[in-house]
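Novice: Let me begin by handing over the structure; questions about it come next.
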Amino acid sequence: MGGPEVERLIGLLAKLPGLGPRSARRAALRLLQHPEARMLPLAAALAEAARAVRPCGHCGNLDSRDPCSICADGQRDRSVVCVVEGVGDLWALERAHVHRGLYHVLGGTLSALAGTRPEDLNLAPLLARVGAGGVAEVILALGATVDGATTAHWLTERIKPFGVVVSRVAQGMPIGGALDVLDDGTLAAALRARRPF
Amino acid sequence: MRAGVALVRLTLTGFRNYAALTWRPEGRVAVFYGPNGSGKTNLLEAVSLLVPGRGLRGARLADLARRGGSGWAVAGRLSTPQGDVDIGTGTPPEGPADRRVFRLDGAAPRSQAEIAGRVSAVWLTPQMDRLFQEGAAGRRRFLDRLVYALEPGHARAVAAHDTAMAQRNRLLAEGGADAAWLAGLEDAMARHAVAATAARAALVQRLNAAPQEAAAGTFPAARLSLCCPIAARLAGEPALAVEDWLRAALAAGRAADARAGSAALGAHRADMGLADAASGLAAALASTGQQKALLIGVVLGHAALLAEARGFAPLLLLDEPAVHLDPDRRRALFDALRALPAQVLLTGTDRETFLPLRGMAEALRTGGDALARDPEFPPAPG
């Protein structure tokens, strides 16, 4: 069907997150039907991004500049650093416009079963930044999974000696959510994290 | 008691011995009878897979497909107090065969707990006849399934505890692990072990406090106990204090746990005890028939408790329940089923055993990959 070039294209597209074999075929077909309008600009954008985008040496964000545009932004509150697992989490927080401080991308969470060890995480730049002074609070915005919670616990032990406040994002009621559809664990977390009105 | 969850339609595709089967239950109680290997238990297993978990056989996914086939699907429409719900499970349309997906009203559920919140099922299988001859793991699984039905979040606490424990075991086995990393895993183990133990203890207490005789008719009432040092501490101390104790005990036990290859403390060390409430006879010392009667007593008491607590009774799947029971106990079992608000599916090899259920249950003969209605068991209103 279409020769080895088409099969290779479909195979590569199918490896992308969110695309299965069927959606990869659809995407490949749309590209092949419009080579000038869609395929070549996409190929050029891919090549350009692969050449220019690198992890930021300070925070681990992906950007064509180093330090990245967030680390270089003089309007940011440099006393608060939000630690996230991946760049996708950083993007999510940026989309929400809720954090005006800096970020730090760990690049994973500790997992003995997956073979992710402390030395595999992007930790040294964070400790250097906290050690240099000027950071008052580190917010741990890691997933509410066993690995996320374990990594948060481990990070707290590493950061606390520097005398900065270490906080964690809250768990509980989603905005617009009804109480009776929440699972028991989330309900318990919401009650534990209640705040005075 | 409130109305239960009831299966309205069951559709099997490429599942075990069934190429394609649609069954619409016509009453609250259904009996499947037929010779060994005719597919009775497969039907109960299919229904058990409509709730999260590995089903009543705990089978590997690869074993669920019909011989020669690769994919399988089980779909059920259930009436619940919140309205009808469609639940489907099986291999994804584009494979692979070792993956299983769920559908809730035609869409992918956000989590399996969403399904567990809508329906629940409890079962009794012939393998449980050996529950008191074998290790604690089987008894713990039996107890946990009762807890899941009441508190769907319990599954997550147990799974999170076991994940943290597996990671800790790995780190201890490798040696030289980062102490803060181990402490993080022990913190997760402590929090989830205490949550899981509290849920188990609460269920045991509620089952023992419930008037089981009323729910189970003349069937013997059972008394449960939870044997676990965490539960013993929880009985006299606040949960947070027990978490602190467990964290400290795990940290102190690292060297011993590394030598043993497993944690000496945790939610995985709990055991369930069972005794006849009237005589005090422990199940481990009782005859096979008495043990079976006690387990049935627990399942019936649990169904009644669930009906009160959550507003709906679970589906009861009783595989060969009459085996090992004397005539008096069989009669008591059937009387109890009459009184329960739950939908019950039973199996047996011998049609005669179920004749006392005529007028209350429909009966279907299994064989090949089809079901044949028994005209002598006219359907009763649900």
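Each chain of the structure tokens is named A, B, ... in the order shown, its residues numbered from 1; ligands are numbered from 1 in display order.
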Could you list, as a list in words, the residues of chain A having an atom within 6 Å of chain B when counting only C-alpha atoms?
Specialist: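 Residues passing the distance filter: Ala112, Leu113, Thr150, His153, Trp154, Asp184 and Gly185 of chain A.
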Novice: Export, as an mmCIF file, in the first residue's frame, the selected residues with N, CA, C and O atoms.
Specialist:
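result32.cif, freshly written:
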```
data_model
loop_
_atom_site.group_PDB
_atom_site.id
_atom_site.type_symbol
_atom_site.label_atom_id
_atom_site.label_comp_id
_atom_site.auth_asym_id
_atom_site.auth_seq_id
_atom_site.Cartn_x
_atom_site.Cartn_y
_atom_site.Cartn_z
ATOM 1 N N ALA A 112 12.131 2.462 41.338
ATOM 2 C CA ALA A 112 13.071 1.342 41.369
ATOM 3 C C ALA A 112 12.694 0.311 40.302
ATOM 4 O O ALA A 112 13.557 -0.331 39.706
ATOM 5 N N LEU A 113 11.373 0.167 40.057
ATOM 6 C CA LEU A 113 10.930 -0.860 39.110
ATOM 7 C C LEU A 113 11.204 -0.438 37.676
ATOM 8 O O LEU A 113 11.496 -1.263 36.813
ATOM 9 N N THR A 150 6.635 9.604 46.415
ATOM 10 C CA THR A 150 7.951 9.176 46.911
ATOM 11 C C THR A 150 9.015 10.190 46.509
ATOM 12 O O THR A 150 9.888 10.556 47.309
ATOM 13 N N HIS A 153 8.767 13.288 48.629
ATOM 14 C CA HIS A 153 9.331 13.029 49.956
ATOM 15 C C HIS A 153 10.863 13.105 49.897
ATOM 16 O O HIS A 153 11.512 13.751 50.721
ATOM 17 N N TRP A 154 11.414 12.476 48.893
ATOM 18 C CA TRP A 154 12.875 12.429 48.713
ATOM 19 C C TRP A 154 13.436 13.823 48.449
ATOM 20 O O TRP A 154 14.441 14.232 49.023
ATOM 21 N N ASP A 184 -13.468 7.934 46.919
ATOM 22 C CA ASP A 184 -13.244 8.091 48.361
ATOM 23 C C ASP A 184 -11.887 8.715 48.682
ATOM 24 O O ASP A 184 -11.767 9.530 49.590
ATOM 25 N N GLY A 185 -10.853 8.314 47.927
ATOM 26 C CA GLY A 185 -9.508 8.826 48.193
ATOM 27 C C GLY A 185 -9.439 10.330 47.987
ATOM 28 O O GLY A 185 -8.853 11.058 48.796
#
```
Novice: I'd like the interatomic distance between atom CA of Lys40 of chain B and atom CA of Arg365 of chain B, to a tenth of an Å.
Specialist: 8.6 Å
Novice: Work out how far apart atom CA of Arg66 of chain B and atom CA of Leu50 of chain B are and give it in Å to one decimal.
Specialist: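 Atom-to-atom, atom CA of Arg66 of chain B to atom CA of Leu50 of chain B, that is 17.8 Å.
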Novice: With DSSP run on the backbone, what are the strand (DSSP E or B) residues within chain A? I'd like them as number ranges by chain.
Specialist: A: 54-55, 62-63, 77-84, 101-105, 111, 116, 137-141, 165-168
Novice: Of the candidates A:Leu110, A:Thr151, A:Gly57, A:Val146, which shows the shortest atom-to-atom distance to Ala128 of chain A, using only C-alpha atoms?
Specialist: A:Gly57
Novice: Within 10 Å of Gln127 of chain B, counting only C-alpha atoms, which residues show up once you throw out same-chain ones fewer than 4 positions away? Write them as a list in words, please.
Specialist: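 Residues near the query, excluding close chain neighbours: Leu56, Arg57, Leu131, Gly138 and Asp319 of chain B.
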Novice: Within 8 Å of Ile139 of chain A, counting only C-alpha atoms, which residues show up once you throw out same-chain ones fewer than 6 positions away? Write them as a ChimeraX atom specification, please.
Specialist: /A:80-83,166-169
Novice: Got a sec: who's within 9 Å of Pro55 of chain A, counting only C-alpha atoms, leaving out chain neighbours fewer than 3 positions off, as a ChimeraX atom specification?
Specialist: /A:58-68
